[in-house]
Amino acid sequence: MLTTIIDLLFPRTCHLCDNLLAKEEKYICTTCLSRMPRTIYHRRDMNPMEQRFAGIFPFERATGHFFYSKNSDLSVLMQDLKYRHFRGLAEYLGSVTAKELMPTGFFNDIDLIAPVPMHFIKKARRGYNQTEEIARGISTETGIPVSLALTAARSHYTQTALSLYERRKNTEGMFLLKHPEEFRNRHVLLLDDVCTTGSTLISAGTEIHDKEKSARISILTLGVTF
């Protein structure tokens, strides 16, 4: 009854089309969610996502679930979950991604989820790390635990206007694996919200590989650029 009253006073609407949400819908209506373009990269060997990391550090598999561009629906959702304090939206999108990938076997033999960390100052300002929230959504659906052993050693400035080389330099030494024993002989899913050039994931993956050679690494992002 309380939920019904709240919905009457503060109607829940889709973040993309502004239509009223059905009782069973959260954040995004079924129609808008179905229209968001999936990459289906997880079905392709040496897909465009994997090509970004080939030869840089060893990894098992990699995929980005949705296509991402500046004016895409996913871009709108990313703005909401990162800058408009819709924290639950990140967990929801993680849950959606997990539900769609689970039947494909993508999560088979994954032991831990390692979200790309955020520097503590930036996290304090935002109130949360959206990638950790995405990880929680995936963990809820898959039962795979989340590890926060990977930390941000320093902050970095925005990369929007940087070249590929500048982005790589900007992210060098950005992460620190404080507890490598957590990753010892484990298959770690390195998780981020969006992959553009891959420089952030390269820095994180390299740190994991350098500190714990026995760890196997796979990569997943919510979105990936074309």
# chains A, B, ... in the order shown; residues from 1 in each chain; ligands from 1
>>> residues_around(residues="region 117-119 of chain A", least_positions_apart="4", cutoff="7 Å", atoms="only C-alpha atoms", output="VMD selection string")
chain A and resid 123 129 150 to 152 154 to 155
>>> residues_around(residues="Gly94 (chain A)", least_positions_apart="3", cutoff="9 Å", atoms="only C-alpha atoms", output="PDB file with N, CA, C and O atoms, in the first residue's frame")
ATOM      1  N   LEU A  89      20.678   2.728 -10.000  1.00  0.00           N
ATOM      2  CA  LEU A  89      20.661   2.468 -11.436  1.00  0.00           C
ATOM      3  C   LEU A  89      21.891   1.665 -11.858  1.00  0.00           C
ATOM      4  O   LEU A  89      21.810   0.795 -12.728  1.00  0.00           O
ATOM      5  N   ALA A  90      23.032   1.941 -11.233  1.00  0.00           N
ATOM      6  CA  ALA A  90      24.266   1.212 -11.561  1.00  0.00           C
ATOM      7  C   ALA A  90      24.121  -0.264 -11.198  1.00  0.00           C
ATOM      8  O   ALA A  90      24.469  -1.152 -11.985  1.00  0.00           O
ATOM      9  N   GLU A  91      23.599  -0.536 -10.010  1.00  0.00           N
ATOM     10  CA  GLU A  91      23.409  -1.918  -9.587  1.00  0.00           C
ATOM     11  C   GLU A  91      22.398  -2.621 -10.499  1.00  0.00           C
ATOM     12  O   GLU A  91      22.570  -3.794 -10.856  1.00  0.00           O
ATOM     13  N   THR A  97      22.915  -6.908 -17.052  1.00  0.00           N
ATOM     14  CA  THR A  97      24.040  -7.471 -17.807  1.00  0.00           C
ATOM     15  C   THR A  97      24.312  -8.910 -17.397  1.00  0.00           C
ATOM     16  O   THR A  97      24.531  -9.790 -18.236  1.00  0.00           O
ATOM     17  N   ALA A  98      24.305  -9.154 -16.082  1.00  0.00           N
ATOM     18  CA  ALA A  98      24.566 -10.512 -15.583  1.00  0.00           C
ATOM     19  C   ALA A  98      23.505 -11.495 -16.055  1.00  0.00           C
ATOM     20  O   ALA A  98      23.816 -12.608 -16.497  1.00  0.00           O
ATOM     21  N   LYS A  99      22.240 -11.093 -15.982  1.00  0.00           N
ATOM     22  CA  LYS A  99      21.151 -11.984 -16.403  1.00  0.00           C
ATOM     23  C   LYS A  99      21.270 -12.355 -17.880  1.00  0.00           C
ATOM     24  O   LYS A  99      20.964 -13.489 -18.263  1.00  0.00           O
ATOM     25  N   THR A 131      31.239   1.780 -10.427  1.00  0.00           N
ATOM     26  CA  THR A 131      31.663   0.456 -10.883  1.00  0.00           C
ATOM     27  C   THR A 131      31.499  -0.583  -9.780  1.00  0.00           C
ATOM     28  O   THR A 131      31.172  -1.746 -10.054  1.00  0.00           O
ATOM     29  N   GLU A 133      29.087  -0.470  -7.651  1.00  0.00           N
ATOM     30  CA  GLU A 133      27.643  -0.727  -7.636  1.00  0.00           C
ATOM     31  C   GLU A 133      27.255  -1.676  -8.770  1.00  0.00           C
ATOM     32  O   GLU A 133      26.414  -2.555  -8.593  1.00  0.00           O
ATOM     33  N   ILE A 134      27.859  -1.500  -9.945  1.00  0.00           N
ATOM     34  CA  ILE A 134      27.627  -2.426 -11.055  1.00  0.00           C
ATOM     35  C   ILE A 134      28.064  -3.837 -10.644  1.00  0.00           C
ATOM     36  O   ILE A 134      27.367  -4.826 -10.908  1.00  0.00           O
ATOM     37  N   ALA A 135      29.207  -3.923  -9.964  1.00  0.00           N
ATOM     38  CA  ALA A 135      29.719  -5.219  -9.503  1.00  0.00           C
ATOM     39  C   ALA A 135      28.746  -5.886  -8.539  1.00  0.00           C
ATOM     40  O   ALA A 135      28.553  -7.109  -8.589  1.00  0.00           O
ATOM     41  N   ARG A 136      28.125  -5.093  -7.680  1.00  0.00           N
ATOM     42  CA  ARG A 136      27.157  -5.668  -6.729  1.00  0.00           C
ATOM     43  C   ARG A 136      25.963  -6.267  -7.459  1.00  0.00           C
ATOM     44  O   ARG A 136      25.446  -7.319  -7.071  1.00  0.00           O
ATOM     45  N   GLY A 137      25.517  -5.583  -8.514  1.00  0.00           N
ATOM     46  CA  GLY A 137      24.414  -6.117  -9.296  1.00  0.00           C
ATOM     47  C   GLY A 137      24.770  -7.443  -9.948  1.00  0.00           C
ATOM     48  O   GLY A 137      23.969  -8.375  -9.961  1.00  0.00           O
ATOM     49  N   ILE A 138      25.989  -7.529 -10.475  1.00  0.00           N
ATOM     50  CA  ILE A 138      26.446  -8.779 -11.095  1.00  0.00           C
ATOM     51  C   ILE A 138      26.593  -9.865 -10.045  1.00  0.00           C
ATOM     52  O   ILE A 138      26.200 -11.020 -10.248  1.00  0.00           O
ATOM     53  N   SER A 139      27.150  -9.504  -8.895  1.00  0.00           N
ATOM     54  CA  SER A 139      27.358 -10.467  -7.814  1.00  0.00           C
ATOM     55  C   SER A 139      26.040 -11.039  -7.304  1.00  0.00           C
ATOM     56  O   SER A 139      25.935 -12.240  -7.024  1.00  0.00           O
ATOM     57  N   GLU A 141      23.333 -11.556  -8.938  1.00  0.00           N
ATOM     58  CA  GLU A 141      22.773 -12.501  -9.897  1.00  0.00           C
ATOM     59  C   GLU A 141      23.620 -13.764 -10.047  1.00  0.00           C
ATOM     60  O   GLU A 141      23.084 -14.848 -10.257  1.00  0.00           O
ATOM     61  N   LEU A 222      30.293  -2.426 -18.874  1.00  0.00           N
ATOM     62  CA  LEU A 222      28.872  -2.199 -19.190  1.00  0.00           C
ATOM     63  C   LEU A 222      28.737  -1.713 -20.631  1.00  0.00           C
ATOM     64  O   LEU A 222      27.902  -2.197 -21.387  1.00  0.00           O
TER      65      LEU A 222
END
>>> closest_residue(among="A:Ser69, A:Thr142, A:Pro58, A:Asp80", to="Cys14 (chain A)", atoms="only C-alpha atoms")
A:Asp80
>>> select_by_dssp(residues="region 3-141 of chain A", states="strand (DSSP E or B)", output="list in words")
Thr13, Leu20, Lys26, Ile28, Arg38, Ala62, Thr63, Gly64, His65, Phe66, Phe67, Tyr68, Leu112, Ile113, Ala114 and Pro115 of chain A
>>> select_by_dssp(residues="region 26-184 of chain A", states="alpha helix (DSSP H)", output="MDAnalysis selection string")
chainID A and resid 30:35 48:51 73:83 87:101 120:126 130:142 164:171
>>> residues_around(residues="region 29-41 of chain A", least_positions_apart="5", cutoff="7 Å", atoms="only C-alpha atoms", output="MDAnalysis selection string")
chainID A and resid 14 16 21 47 63:67 73
>>> residues_around(residues="Glu207 (chain A)", least_positions_apart="6", cutoff="12 Å", atoms="only C-alpha atoms", output="list in words")
Ile56, Phe57, Pro58, Val116, Ala149, Leu150, Thr151, Ala152, Ala153, Thr171, Glu172, Gly173, Met174, Phe175, Leu176, Leu177, Lys178, His179, Pro180, Phe183, Leu190, Thr200, Leu201, Lys213, Ala215 and Ile217 of chain A
>>> atom_distance(atom1="CA of Gly205 (chain A)", atom2="CA of Phe107 (chain A)")
17.9 Å
>>> atom_distance(atom1="CA of Pro48 (chain A)", atom2="CA of Asp109 (chain A)")
23.0 Å
>>> closest_residue(among="A:Glu50, A:Gly88, A:Glu132, A:Lys122", to="Ser218 (chain A)", atoms="only C-alpha atoms")
A:Glu50
>>> closest_residue(among="A:Leu112, A:Leu101, A:Ala54, A:Leu20", to="Arg216 (chain A)", atoms="only C-alpha atoms")
A:Leu112
>>> atom_distance(atom1="CA of Ser147 (chain A)", atom2="CA of Cys195 (chain A)")
20.3 Å
>>> residues_around(residues="Thr196 (chain A)", least_positions_apart="6", cutoff="9 Å", atoms="only C-alpha atoms", output="PDB file with N, CA and C atoms, in the first residue's frame")
ATOM      1  N   TYR A  68      28.365   1.968 -26.741  1.00  0.00           N
ATOM      2  CA  TYR A  68      28.336   3.276 -26.085  1.00  0.00           C
ATOM      3  C   TYR A  68      28.843   4.345 -27.049  1.00  0.00           C
ATOM      4  N   GLY A 223      29.565  -0.739 -21.005  1.00  0.00           N
ATOM      5  CA  GLY A 223      29.520  -0.175 -22.336  1.00  0.00           C
ATOM      6  C   GLY A 223      30.876  -0.199 -22.994  1.00  0.00           C
ATOM      7  N   VAL A 224      30.885  -0.154 -24.330  1.00  0.00           N
ATOM      8  CA  VAL A 224      32.137  -0.080 -25.082  1.00  0.00           C
ATOM      9  C   VAL A 224      31.874   0.775 -26.325  1.00  0.00           C
ATOM     10  N   THR A 225      32.825   1.611 -26.658  1.00  0.00           N
ATOM     11  CA  THR A 225      32.673   2.455 -27.843  1.00  0.00           C
ATOM     12  C   THR A 225      32.831   1.620 -29.111  1.00  0.00           C
ATOM     13  N   PHE A 226      32.293   2.136 -30.191  1.00  0.00           N
ATOM     14  CA  PHE A 226      32.326   1.427 -31.472  1.00  0.00           C
ATOM     15  C   PHE A 226      33.785   1.285 -31.945  1.00  0.00           C
TER      16      PHE A 226
END
